[in-house]
Every structure is written in structure tokens, then in C-alpha cells.
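Engineer: What follows is the file start_39.txt, containing compact mmCIF, C-alpha atoms:
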```txt
# COMPACT_ATOMS: atom_id res chain seq x y z
CA MET A 16 0.00 0.00 0.00
CA ALA A 17 2.99 2.29 0.47
CA ASP A 18 3.20 2.90 -3.27
CA LYS A 19 -0.44 3.91 -3.66
CA ARG A 20 -0.72 7.01 -5.84
CA ASP A 21 -2.13 10.33 -4.68
CA TYR A 22 -5.86 10.50 -5.52
CA TYR A 23 -5.57 13.96 -7.06
CA GLU A 24 -2.77 12.68 -9.28
CA VAL A 25 -4.90 9.69 -10.30
CA LEU A 26 -7.68 11.96 -11.59
CA GLY A 27 -5.30 14.58 -12.97
CA ILE A 28 -6.63 17.46 -10.85
CA ASN A 29 -5.38 19.72 -8.06
CA LYS A 30 -6.65 20.10 -4.50
CA GLU A 31 -8.61 23.22 -5.38
CA ALA A 32 -10.75 21.33 -7.94
CA SER A 33 -14.51 21.86 -7.60
CA ASP A 34 -17.03 19.03 -7.21
CA ASP A 35 -17.92 19.40 -10.87
CA GLU A 36 -14.27 19.24 -11.93
CA ILE A 37 -13.76 16.11 -9.84
CA LYS A 38 -16.79 14.49 -11.42
CA LYS A 39 -15.69 15.40 -14.96
CA ALA A 40 -12.16 14.15 -14.34
CA TYR A 41 -13.45 10.83 -12.99
CA ARG A 42 -15.87 10.39 -15.86
CA LYS A 43 -13.08 10.91 -18.40
CA LYS A 44 -10.83 8.34 -16.72
CA ALA A 45 -13.61 5.81 -16.16
CA LEU A 46 -14.79 5.92 -19.75
CA LYS A 47 -11.23 5.57 -21.01
CA TYR A 48 -10.25 2.59 -18.89
CA HIS A 49 -13.56 0.75 -18.40
CA PRO A 50 -13.21 -3.03 -18.93
CA ASP A 51 -16.03 -2.92 -21.49
CA LYS A 52 -13.75 -0.83 -23.72
CA ASN A 53 -10.54 -2.65 -22.78
CA PRO A 54 -11.33 -6.38 -22.60
CA ASP A 55 -8.52 -8.54 -21.19
CA ASP A 56 -6.39 -5.46 -20.51
CA LYS A 57 -5.17 -5.83 -16.93
CA ALA A 58 -3.38 -2.48 -16.92
CA ALA A 59 -6.55 -0.64 -17.98
CA GLU A 60 -8.57 -2.56 -15.39
CA GLU A 61 -6.20 -1.48 -12.61
CA LYS A 62 -6.38 2.15 -13.72
CA PHE A 63 -10.19 1.90 -13.77
CA LYS A 64 -10.22 0.59 -10.20
CA GLU A 65 -7.73 3.27 -9.17
CA ALA A 66 -9.95 6.01 -10.63
CA ASN A 67 -13.03 4.58 -8.88
CA GLU A 68 -11.22 4.53 -5.56
CA ALA A 69 -10.04 8.11 -6.00
CA TYR A 70 -13.50 9.32 -6.95
CA GLU A 71 -15.24 7.66 -3.99
CA ILE A 72 -12.96 9.51 -1.60
CA LEU A 73 -12.78 12.90 -3.31
CA SER A 74 -16.50 13.07 -4.08
CA ASP A 75 -17.41 12.63 -0.41
CA PRO A 76 -16.80 15.89 1.56
CA ASP A 77 -16.07 14.09 4.83
CA LYS A 78 -13.68 11.55 3.32
CA LYS A 79 -12.05 14.23 1.20
CA SER A 80 -11.43 16.34 4.31
CA LYS A 81 -9.82 13.40 6.12
CA TYR A 82 -7.73 12.54 3.08
CA ASP A 83 -6.53 16.12 2.72
CA ARG A 84 -5.43 16.12 6.39
CA PHE A 85 -4.02 12.60 6.85
CA GLY A 86 -3.55 11.18 3.37
CA HIS A 87 -4.44 7.55 2.70
CA ALA A 88 -4.24 6.67 6.37
CA GLY A 89 -7.17 8.98 7.05
CA VAL A 90 -9.58 7.06 4.84
CA ASP A 91 -8.20 3.52 4.73
CA PRO A 92 -7.74 1.72 8.07
CA SER A 93 -5.86 -1.06 6.26
CA TYR A 94 -3.29 1.37 4.81
CA GLY A 95 0.16 0.07 5.56
CA GLY A 96 -1.11 -3.32 6.69
CA GLY A 97 -1.75 -5.08 3.39
CA ALA A 98 -3.90 -4.49 0.37
CA GLY A 99 -7.19 -5.81 1.57
CA GLY A 100 -9.11 -3.57 -0.84
CA PHE A 101 -11.97 -1.28 -0.02
CA GLY A 102 -15.36 -2.84 0.09
CA GLY A 103 -17.14 0.39 0.95
CA PHE A 104 -17.17 1.74 4.49
CA GLY A 105 -20.28 1.23 6.48
CA ASP A 106 -23.38 1.60 4.34
CA PHE A 107 -21.61 3.25 1.39
CA GLY A 108 -23.01 1.58 -1.69
CA GLY A 109 -20.91 3.58 -4.12
CA PHE A 110 -19.46 1.44 -6.85
CA GLY A 111 -19.82 -1.86 -5.10
CA GLY A 112 -16.33 -1.76 -3.58
CA PHE A 113 -12.88 -1.25 -5.00
CA GLY A 114 -11.24 -4.63 -4.60
CA GLY A 115 -12.85 -6.09 -7.73
CA GLY A 116 -16.36 -4.70 -7.44
CA THR A 117 -15.54 -1.96 -9.93
CA GLN A 118 -16.40 -4.50 -12.60
CA GLY A 119 -19.98 -4.24 -11.42
CA MET A 120 -20.37 -0.87 -13.13
CA SER A 121 -20.94 -1.13 -16.86
CA PHE A 122 -19.60 1.30 -19.43
CA ASP A 123 -23.16 2.58 -19.91
CA ASP A 124 -23.72 3.06 -16.17
CA ILE A 125 -20.99 5.69 -16.18
CA PHE A 126 -22.82 7.62 -18.90
CA ASP A 127 -26.08 7.36 -16.97
CA MET A 128 -24.41 8.37 -13.69
CA PHE A 129 -23.35 11.70 -15.17
CA GLY A 130 -26.37 12.42 -17.32
CA GLY A 131 -25.18 10.51 -20.39
CA PHE A 132 -25.24 11.93 -23.88
CA GLY A 133 -29.01 11.78 -24.24
CA SER A 134 -30.87 8.85 -25.73
CA GLY A 135 -29.43 5.48 -26.58
CA ARG A 136 -27.81 4.65 -23.23
CA ARG A 137 -28.92 1.84 -20.99
CA SER A 138 -29.32 1.88 -17.21
CA SER A 139 -27.82 -0.84 -15.03
CA ALA A 140 -31.29 -2.13 -14.29
CA ASN A 141 -31.61 -3.12 -17.95
CA ARG A 142 -28.08 -4.46 -18.32
CA ASN A 143 -29.32 -7.93 -19.21
CA GLY A 144 -32.29 -6.72 -21.23
CA PRO A 145 -32.33 -5.81 -24.93
CA GLN A 146 -29.35 -3.62 -25.80
CA LYS A 147 -28.45 -1.76 -28.96
CA GLY A 148 -25.44 -3.13 -30.85
CA ARG A 149 -22.19 -1.23 -31.24
CA ASP A 150 -21.94 1.58 -33.77
CA LEU A 151 -19.34 1.06 -36.51
CA GLN A 152 -17.37 3.46 -38.68
CA LYS A 153 -15.84 3.23 -42.15
CA THR A 154 -14.01 5.85 -44.21
CA ILE A 155 -14.44 5.99 -47.99
CA THR A 156 -12.82 8.23 -50.62
CA ILE A 157 -14.80 9.79 -53.48
CA ASP A 158 -14.01 12.11 -56.38
CA PHE A 159 -14.44 15.89 -56.12
CA THR A 160 -17.18 15.81 -58.77
CA ASP A 161 -19.11 13.09 -56.92
CA ALA A 162 -19.01 15.26 -53.80
CA ILE A 163 -20.60 18.15 -55.72
CA PHE A 164 -23.32 16.16 -57.49
CA GLY A 165 -23.86 13.36 -54.99
CA CYS A 166 -23.60 9.69 -55.91
CA SER A 167 -24.24 6.11 -54.86
CA LYS A 168 -21.40 3.84 -53.82
CA GLN A 169 -21.29 0.18 -52.91
CA ILE A 170 -18.95 -0.57 -50.05
CA GLU A 171 -17.73 -3.74 -48.43
CA ILE A 172 -17.33 -4.05 -44.69
CA THR A 173 -16.42 -7.00 -42.50
CA LYS A 174 -18.55 -7.02 -39.38
CA ASP A 175 -20.54 -9.20 -37.02
CA VAL A 176 -24.02 -10.06 -38.27
CA LYS A 177 -26.85 -11.89 -36.55
CA CYS A 178 -26.57 -15.63 -36.90
CA LYS A 179 -29.46 -16.80 -39.10
CA THR A 180 -29.31 -20.35 -37.78
CA CYS A 181 -30.28 -19.39 -34.22
CA ASN A 182 -31.73 -15.95 -35.05
CA GLY A 183 -29.18 -14.37 -32.75
CA THR A 184 -30.10 -16.29 -29.59
CA GLY A 185 -26.91 -18.33 -29.52
CA ALA A 186 -28.89 -21.42 -28.58
CA LYS A 187 -29.14 -24.53 -30.73
CA GLU A 188 -32.36 -24.86 -32.72
CA GLY A 189 -35.11 -26.25 -30.51
CA THR A 190 -33.44 -25.14 -27.26
CA GLU A 191 -33.56 -21.96 -25.19
CA LYS A 192 -31.34 -19.97 -22.86
CA LYS A 193 -31.84 -20.56 -19.15
CA THR A 194 -31.63 -18.13 -16.26
CA CYS A 195 -28.29 -18.42 -14.50
CA ASP A 196 -28.78 -20.19 -11.17
CA ALA A 197 -25.66 -18.60 -9.69
CA CYS A 198 -26.76 -14.96 -9.98
CA GLY A 199 -30.51 -15.38 -10.50
CA GLY A 200 -30.29 -13.59 -13.86
CA SER A 201 -28.73 -10.37 -12.54
CA GLY A 202 -25.30 -11.04 -14.00
CA GLN A 203 -23.69 -10.03 -10.70
CA VAL A 204 -22.73 -11.75 -7.49
CA THR A 205 -22.55 -9.81 -4.24
CA HIS A 206 -20.27 -10.89 -1.40
CA VAL A 207 -20.81 -9.30 2.02
CA THR A 208 -18.30 -9.64 4.85
CA GLU A 209 -18.84 -8.46 8.41
CA THR A 210 -15.64 -7.29 10.10
CA PRO A 211 -14.81 -5.28 13.21
CA LEU A 212 -14.25 -2.32 10.89
CA GLY A 213 -17.72 -2.55 9.45
CA ARG A 214 -19.68 -4.19 6.70
CA PHE A 215 -17.69 -4.78 3.49
CA GLN A 216 -19.48 -5.37 0.21
CA ASN A 217 -17.90 -6.64 -3.01
CA VAL A 218 -19.88 -6.94 -6.26
CA THR A 219 -18.36 -8.97 -9.08
CA THR A 220 -19.45 -10.18 -12.50
CA CYS A 221 -20.97 -13.63 -12.32
CA SER A 222 -18.30 -16.08 -13.49
CA LYS A 223 -20.81 -18.72 -14.51
CA CYS A 224 -22.76 -16.65 -17.07
CA GLY A 225 -20.15 -13.99 -17.76
CA GLY A 226 -22.52 -11.25 -16.61
CA THR A 227 -25.28 -12.03 -19.12
CA GLY A 228 -27.65 -13.50 -16.54
CA GLN A 229 -28.37 -16.45 -18.85
CA ILE A 230 -26.74 -19.77 -19.67
CA ILE A 231 -26.72 -21.57 -23.00
CA GLU A 232 -26.56 -25.31 -22.39
CA SER A 233 -26.72 -26.26 -26.09
CA PRO A 234 -24.86 -23.65 -28.20
CA CYS A 235 -25.70 -23.03 -31.83
CA PRO A 236 -23.22 -25.01 -33.98
CA ASP A 237 -22.70 -22.11 -36.41
CA CYS A 238 -22.05 -19.20 -34.05
CA LYS A 239 -20.84 -21.28 -31.08
CA GLY A 240 -23.30 -19.58 -28.78
CA THR A 241 -22.38 -15.97 -29.55
CA GLY A 242 -25.52 -15.26 -31.61
CA LYS A 243 -23.42 -13.63 -34.34
CA ILE A 244 -20.97 -14.53 -37.08
CA ARG A 245 -18.21 -12.57 -38.83
CA LYS A 246 -19.01 -11.78 -42.43
CA THR A 247 -18.05 -9.42 -45.27
CA VAL A 248 -21.16 -7.70 -46.59
CA LYS A 249 -21.88 -5.24 -49.40
CA ILE A 250 -23.88 -2.12 -48.56
CA LYS A 251 -25.17 0.63 -50.84
CA VAL A 252 -24.41 4.15 -49.65
CA ASP A 253 -26.32 7.14 -51.04
CA ILE A 254 -24.06 10.18 -50.73
CA PRO A 255 -25.93 13.52 -50.84
CA LYS A 256 -24.90 16.56 -52.86
CA GLY A 257 -22.38 18.89 -51.31
CA VAL A 258 -20.53 16.56 -48.95
CA ASP A 259 -16.99 17.58 -48.07
CA ASN A 260 -14.03 16.10 -46.23
CA ASP A 261 -15.08 14.57 -42.89
CA SER A 262 -18.79 14.69 -43.75
CA VAL A 263 -20.61 11.73 -42.17
CA VAL A 264 -23.39 9.66 -43.72
CA THR A 265 -25.31 7.60 -41.15
CA LEU A 266 -26.73 4.20 -42.07
CA ARG A 267 -29.21 3.24 -39.38
CA GLY A 268 -29.21 -0.40 -38.32
CA GLN A 269 -26.09 -1.32 -40.29
CA GLY A 270 -23.82 -1.55 -37.27
CA ALA A 271 -23.16 -4.53 -35.02
CA PRO A 272 -26.12 -6.78 -34.09
CA GLY A 273 -28.05 -5.99 -30.92
CA ILE A 274 -27.73 -7.91 -27.68
CA ASN A 275 -30.57 -9.90 -26.15
CA GLY A 276 -32.92 -8.97 -28.98
CA GLY A 277 -31.96 -5.30 -29.03
CA PRO A 278 -31.70 -3.25 -32.26
CA ASN A 279 -28.61 -3.19 -34.42
CA GLY A 280 -26.13 -0.36 -34.05
CA ASP A 281 -25.52 2.23 -36.76
CA LEU A 282 -22.80 2.51 -39.39
CA TYR A 283 -21.13 5.89 -39.83
CA ILE A 284 -19.57 6.51 -43.25
CA VAL A 285 -16.85 9.19 -43.05
CA ILE A 286 -16.25 10.91 -46.39
CA ASN A 287 -12.81 11.73 -47.77
CA VAL A 288 -12.82 13.81 -50.99
CA ARG A 289 -10.00 13.61 -53.54
CA PRO A 290 -8.55 17.03 -54.45
CA HIS A 291 -9.50 18.48 -57.87
CA SER A 292 -6.78 19.39 -60.36
CA THR A 293 -8.28 22.85 -61.02
CA TYR A 294 -10.91 23.72 -58.44
CA LYS A 295 -10.34 24.34 -54.74
CA ARG A 296 -13.04 24.35 -52.10
CA ARG A 297 -13.49 26.16 -48.78
CA GLY A 298 -16.85 25.48 -47.21
CA ASP A 299 -19.50 25.87 -49.90
CA ASN A 300 -17.39 28.29 -51.97
CA LEU A 301 -15.32 27.18 -54.96
CA TYR A 302 -12.11 28.82 -56.18
CA LEU A 303 -10.67 28.73 -59.69
CA GLU A 304 -7.57 30.18 -61.36
CA MET A 305 -8.31 30.98 -65.02
CA PRO A 306 -5.59 31.92 -67.52
CA ILE A 307 -6.33 34.73 -70.02
CA THR A 308 -4.26 36.18 -72.83
CA TYR A 309 -2.46 39.52 -72.79
CA GLU A 310 -4.88 40.76 -75.46
CA GLN A 311 -7.93 39.80 -73.40
CA ALA A 312 -6.52 41.57 -70.36
CA VAL A 313 -5.73 44.75 -72.30
CA LEU A 314 -8.80 45.02 -74.53
CA GLY A 315 -11.33 43.10 -72.48
CA ASP A 316 -13.29 40.08 -73.69
CA LYS A 317 -16.24 37.81 -72.98
CA VAL A 318 -14.85 34.58 -71.50
CA SER A 319 -16.35 31.18 -70.72
CA VAL A 320 -15.88 29.92 -67.18
CA PRO A 321 -16.13 26.10 -66.85
CA GLY A 322 -18.47 24.99 -64.08
CA PHE A 323 -19.88 21.69 -62.84
CA GLY A 324 -22.59 20.71 -65.29
CA GLU A 325 -22.67 24.09 -67.08
CA THR A 326 -20.52 26.90 -68.47
CA TYR A 327 -20.80 30.49 -67.27
CA SER A 328 -20.20 33.63 -69.36
CA TYR A 329 -18.36 36.63 -67.93
CA SER A 330 -17.10 39.89 -69.46
CA ILE A 331 -13.49 40.76 -68.66
CA SER A 332 -13.05 44.54 -68.38
CA PRO A 333 -10.36 46.27 -70.46
CA GLY A 334 -7.17 46.79 -68.49
CA THR A 335 -7.74 43.82 -66.19
CA GLN A 336 -4.62 43.12 -64.10
CA THR A 337 -3.24 39.67 -63.44
CA GLY A 338 -4.42 38.36 -60.06
CA SER A 339 -7.75 40.19 -60.26
CA SER A 340 -10.78 38.20 -59.08
CA PHE A 341 -14.48 38.17 -59.75
CA ARG A 342 -17.34 36.33 -58.13
CA LEU A 343 -20.13 34.30 -59.69
CA LYS A 344 -22.80 34.25 -56.99
CA GLY A 345 -24.62 30.99 -56.36
CA LYS A 346 -22.31 28.97 -58.60
CA GLY A 347 -20.40 27.18 -55.88
CA ALA A 348 -20.99 23.86 -54.10
CA PRO A 349 -24.42 23.01 -52.67
CA ASN A 350 -24.76 22.98 -48.90
CA VAL A 351 -25.26 19.39 -47.80
CA ARG A 352 -28.06 20.38 -45.38
CA THR A 353 -29.89 23.25 -47.09
CA GLY A 354 -28.99 22.63 -50.74
CA ARG A 355 -28.21 26.33 -51.12
CA LYS A 356 -25.11 26.91 -53.26
CA GLY A 357 -22.07 28.93 -52.30
CA ASP A 358 -20.20 31.23 -54.67
CA LEU A 359 -17.54 30.68 -57.31
CA TYR A 360 -14.49 32.95 -57.09
CA VAL A 361 -12.41 33.22 -60.25
CA LYS A 362 -8.87 34.61 -60.22
CA VAL A 363 -7.55 35.64 -63.64
CA VAL A 364 -3.89 35.12 -64.45
CA ILE A 365 -2.35 36.62 -67.59
CA GLU A 366 -0.47 33.90 -69.43
CA VAL A 367 2.81 35.16 -70.94
CA PRO A 368 3.45 33.57 -74.36
CA THR A 369 6.56 31.42 -74.76
CA LYS A 370 8.45 29.83 -77.63
CA LEU A 371 7.74 32.73 -79.96
CA SER A 372 8.85 32.82 -83.58
CA ASN A 373 11.01 35.71 -84.83
CA LYS A 374 7.99 37.15 -86.59
CA GLU A 375 5.96 37.07 -83.34
CA LYS A 376 8.78 38.62 -81.34
CA LYS A 377 9.05 41.43 -83.88
CA ALA A 378 5.29 42.07 -83.69
CA ILE A 379 5.38 42.34 -79.89
CA LYS A 380 8.35 44.70 -80.00
CA GLU A 381 6.60 46.93 -82.52
CA MET A 382 3.47 46.93 -80.32
CA SER A 383 5.50 47.90 -77.28
CA GLU A 384 7.16 50.78 -79.12
CA ALA A 385 3.77 51.93 -80.42
CA VAL A 386 2.16 51.89 -76.97
CA GLY A 387 4.98 53.67 -75.17
CA PRO A 388 5.82 53.97 -71.43
CA LYS A 389 2.84 56.22 -70.64
CA ALA A 390 0.61 53.16 -70.91
CA TYR A 391 2.43 51.67 -67.91
CA PRO A 392 2.15 54.27 -65.11
CA LYS A 393 2.99 51.86 -62.29
CA LYS A 394 6.09 50.59 -64.04
CA SER A 395 7.20 54.13 -64.89
CA LYS A 396 6.83 55.13 -61.23
CA PHE A 397 8.74 52.09 -60.10
CA ASP A 398 11.56 52.72 -62.59
CA SER A 399 11.97 56.24 -61.19
CA LEU A 400 12.56 55.04 -57.62
CA LYS A 401 15.91 56.03 -56.15
CA PHE A 402 17.31 55.17 -52.71
```
Would you encode the structure as C-alpha cells?
Structural biologist:
Amino acid sequence: MADKRDYYEVLGINKEASDDEIKKAYRKKALKYHPDKNPDDKAAEEKFKEANEAYEILSDPDKKSKYDRFGHAGVDPSYGGGAGGFGGFGDFGGFGGFGGGTQGMSFDDIFDMFGGFGSGRRSSANRNGPQKGRDLQKTITIDFTDAIFGCSKQIEITKDVKCKTCNGTGAKEGTEKKTCDACGGSGQVTHVTETPLGRFQNVTTCSKCGGTGQIIESPCPDCKGTGKIRKTVKIKVDIPKGVDNDSVVTLRGQGAPGINGGPNGDLYIVINVRPHSTYKRRGDNLYLEMPITYEQAVLGDKVSVPGFGETYSYSISPGTQTGSSFRLKGKGAPNVRTGRKGDLYVKVVIEVPTKLSNKEKKAIKEMSEAVGPKAYPKKSKFDSLKF
């Protein structure tokens, strides 16, 4: 016990932390290290127990006060005399004890304890009832044009699916699951010990049924009693217009199969869009660099701007400078939620001719001499600079 870590250090907070900060810190640690998320990970399990122990002490004003004054010795009579584990002092129900009872709290109980994220979470009372399956995620890459217009894609994903042989029960055809006689269907076993220091309670997952509350005496030969099999399936995904990088398309019911007759989880398709060779995108706005000739820039011209599905006409003003931009309102990408299009911003760049013939070079020189320096006021001003 001498090497037991400081409770504030365990939760990553200081002694001035408020009750709300203590609760938030515990929730973060508990969700990260819960055995449901880290199966067969002994290190994570120990950190989960450690966080539970720290939270029980620091969330109780009286125990926190004693701990702040006397350290571990102020809250643990067994400190320094062997790691007997906390079972909960007196009538403290808490988390069902620290010495192994932390397993009694499911991943979902932690969400419920702190208000959860809204719907979709299960209380401990329904732990062995119907439960929604896990949500899954898959990333796919599509072309820039498909993101603008929307498209349909067929994807393949390897996942657990409900076993058709037993219809997900896990029991061999013609047989049924039975209520576990060790835990009475609760999935938990409670051990209570009376000691001179008080009543110690330890809640553990039932070893006979694995916490399910039911026993399968004759497992399904195909799924071996799990109620699900691993399979690669093809799924059609309808991608709406206007999606962008990191957009998410939700496919309800395409996640992992439910537990105990619960609904399937959902499948989240994360979109990755390949860059376009010409167009750039920021939000719903599109950006394009369009080359024009020297003649068009000087004299002006009506140009055609290539768009997605159509071509737009725009009049370049005489004397247009390279790098100038104009906007075509409502010609950008559609918003994935509203359908309203952004704008198209076009930057004009004067293309300087190369690989000229002698005749062409002579013509340009004659033009330059005919125009004269007065036609280039900025250049004339620059040439006159002296330092």
C-alpha cells in the first residue's frame, strides 16, 4: 500500500478542484479505462479501479477532508497493513467496492451516472435486457465531382451479423437460454463480509454466465453460442450533394447486431474527398484560377468559365490586371443540409506567351514601341525610384 498514488494525481486534478471538476475528471478516466472498452487489458482494469477509488474519496466531503489532512491513512484503516481492498465503508453503496467490485459498473452506467449523452444509453437495471449493438465506422474516398453532385457507392465491410441459424439467440435450434442459477439472472454476485471495521461489500461479475444472466446449455453449432458470425457484406451508400471532407453519412441499423434482442447499431460513413486538379473548395465556396491572354486583359473580352454541369459567361473589363478576381454568386458547391449553393471565385492570371517565332517577337516589340511607357504608369513610377 505504500506505493499507492495520490488521488488527485490519479484523476489529474489539483486540490482546489470543484465538485464538478472532480466528477468530470473521474468520468473521463472511467470511460477511457472501463473493462467494457478494454477487454482482457489488466493495466486498464487497474487504472479503472484506481480512478473509482479516488472518486469515492474525493466526491465525499467528509472523506475528502480526512484525506486532505491525513492522506491515505485517514480514509483507509488497512493502509500500511496489506492491500485488503476497499469494500465500501459502512453503508456506502458507491461502486460496489474497489477490490474487484468496480467490474460491477458497466460502461453505460458511467454515462447514466453523469447524465449521459441523451438517448441510446442503458441503465444498469436493464443491463441484461435488450441492448443496442455497437456503432461502426468506415471511411471511404470519393471524387471531387461526386461530392458536388452526390452519388451512390457500394462498399464492403467486414462485421458481425446476426446468426441466421439461431436468429441471434446463440442457442441450438429447438433449445432456449436458461436463467443463471448462480446470480438469478442479474449477471452479478454480491459478497458481504462483516468485520470489526464494518460491513464490506464486493460486487463482481458472475463467473458462470459472464454477466449475461443467462446460460446456453446447447450452443448453436454455427455461431458457437455468440448469436453472431463474422461476415463481409456489401452495402449501398447514397451520398448527398455537397458533402466535403469529414462529412458523415449515417446508415441506421447497419452496425453490429443488438444484444438480447436489441436493435442493431448504426454505421457511420466518413467521407474523404480527392482534391480536384483545377478547383479548390473552402466550405461551400469554390475557387478557380483561369488563364487569359495579354490581349484579353488589355482590350477586355467575354470569356467562358467552366463549371460543374454548365458553363458560365463573364465579361473581362479592359485593363484587367493579373491576379484580379471576380465572383459568380450561387455557382459554388451546394450545402449538404440546405442545398443552397455557395459562390464561385475566379482569379484571372495573364499567361505570358513562350516559344515565340522571330515574326511574333518582332510584332510584340513593334506593339510595345507603339504603346509607349505612358501606358504603364505603375512601371514608370517604379523605374523612377531612387534610394
Engineer: What lies within 12 Å of Lys187 in chain A using only C-alpha atoms, ignoring chain neighbours under 6 positions off, as a list of chain:residue names?
Structural biologist: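 In the requested format, the answer is A:Cys178, A:Lys179, A:Thr180, A:Cys181, A:Ile231, A:Glu232, A:Ser233, A:Pro234, A:Cys235, A:Pro236, A:Asp237, A:Cys238, A:Lys239, A:Gly240, A:Thr241, A:Gly242.
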Engineer: Record the distance separating CA of Gly357 in chain A and CA of Ile254 in chain A, expressed in Å with one decimal.
Structural biologist: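 Calculated distance between CA of Gly357 in chain A and CA of Ile254 in chain A is 18.9 Å.
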Engineer: Could you give me, as a PDB file with C-alpha atoms, in the frame of the given file, the residues within 8 Å of range 194-208 of chain A, counting only C-alpha atoms and dropping anything in the same chain fewer than 4 positions from it?
Structural biologist:
```pdb
ATOM      1  CA  GLY A 119     -19.980  -4.240 -11.420  1.00  0.00           C
ATOM      2  CA  ASN A 143     -29.320  -7.930 -19.210  1.00  0.00           C
ATOM      3  CA  ARG A 214     -19.680  -4.190   6.700  1.00  0.00           C
ATOM      4  CA  PHE A 215     -17.690  -4.780   3.490  1.00  0.00           C
ATOM      5  CA  GLN A 216     -19.480  -5.370   0.210  1.00  0.00           C
ATOM      6  CA  ASN A 217     -17.900  -6.640  -3.010  1.00  0.00           C
ATOM      7  CA  VAL A 218     -19.880  -6.940  -6.260  1.00  0.00           C
ATOM      8  CA  THR A 219     -18.360  -8.970  -9.080  1.00  0.00           C
ATOM      9  CA  THR A 220     -19.450 -10.180 -12.500  1.00  0.00           C
ATOM     10  CA  CYS A 221     -20.970 -13.630 -12.320  1.00  0.00           C
ATOM     11  CA  LYS A 223     -20.810 -18.720 -14.510  1.00  0.00           C
ATOM     12  CA  CYS A 224     -22.760 -16.650 -17.070  1.00  0.00           C
ATOM     13  CA  GLY A 225     -20.150 -13.990 -17.760  1.00  0.00           C
ATOM     14  CA  GLY A 226     -22.520 -11.250 -16.610  1.00  0.00           C
ATOM     15  CA  THR A 227     -25.280 -12.030 -19.120  1.00  0.00           C
ATOM     16  CA  GLY A 228     -27.650 -13.500 -16.540  1.00  0.00           C
ATOM     17  CA  GLN A 229     -28.370 -16.450 -18.850  1.00  0.00           C
ATOM     18  CA  ILE A 230     -26.740 -19.770 -19.670  1.00  0.00           C
TER      19      ILE A 230
END
```
Engineer: Please determine, counting only C-alpha atoms, which residue among A:Asn350, A:Gln146, A:Ser33, A:Gln311 has the shortest atom-to-atom distance to Gln336 in chain A.
Structural biologist: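 Closest to Gln336 in chain A, using only C-alpha atoms: A:Gln311.
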Engineer: Restricting the calculation to only C-alpha atoms, which member of A:Pro145, A:Gly315, A:Gly322, A:Gly338 is positioned closest to Asp358 in chain A?
Structural biologist: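 Selected residue with least distance to Asp358 in chain A: A:Gly322.
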Engineer: What separation in Å, quoted to one decimal, exists between CA of Ser330 in chain A and CA of Val318 in chain A?
Structural biologist: 6.1 Å
Engineer: I'd like the contact shell of Thr156 in chain A - 10 Å cut-off, only C-alpha atoms, skipping same-chain residues fewer than 4 positions apart - returned as a short mmCIF file (atom, residue, chain, number, x, y, z; two decimals) with C-alpha atoms, keeping the file's coordinate frame.
Structural biologist:
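Output below, filename result.cif:
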```
data_model
loop_
_atom_site.label_atom_id
_atom_site.label_comp_id
_atom_site.auth_asym_id
_atom_site.auth_seq_id
_atom_site.Cartn_x
_atom_site.Cartn_y
_atom_site.Cartn_z
CA ALA A 162 -19.01 15.26 -53.80
CA ASN A 260 -14.03 16.10 -46.23
CA VAL A 285 -16.85 9.19 -43.05
CA ILE A 286 -16.25 10.91 -46.39
CA ASN A 287 -12.81 11.73 -47.77
CA VAL A 288 -12.82 13.81 -50.99
CA ARG A 289 -10.00 13.61 -53.54
#
```
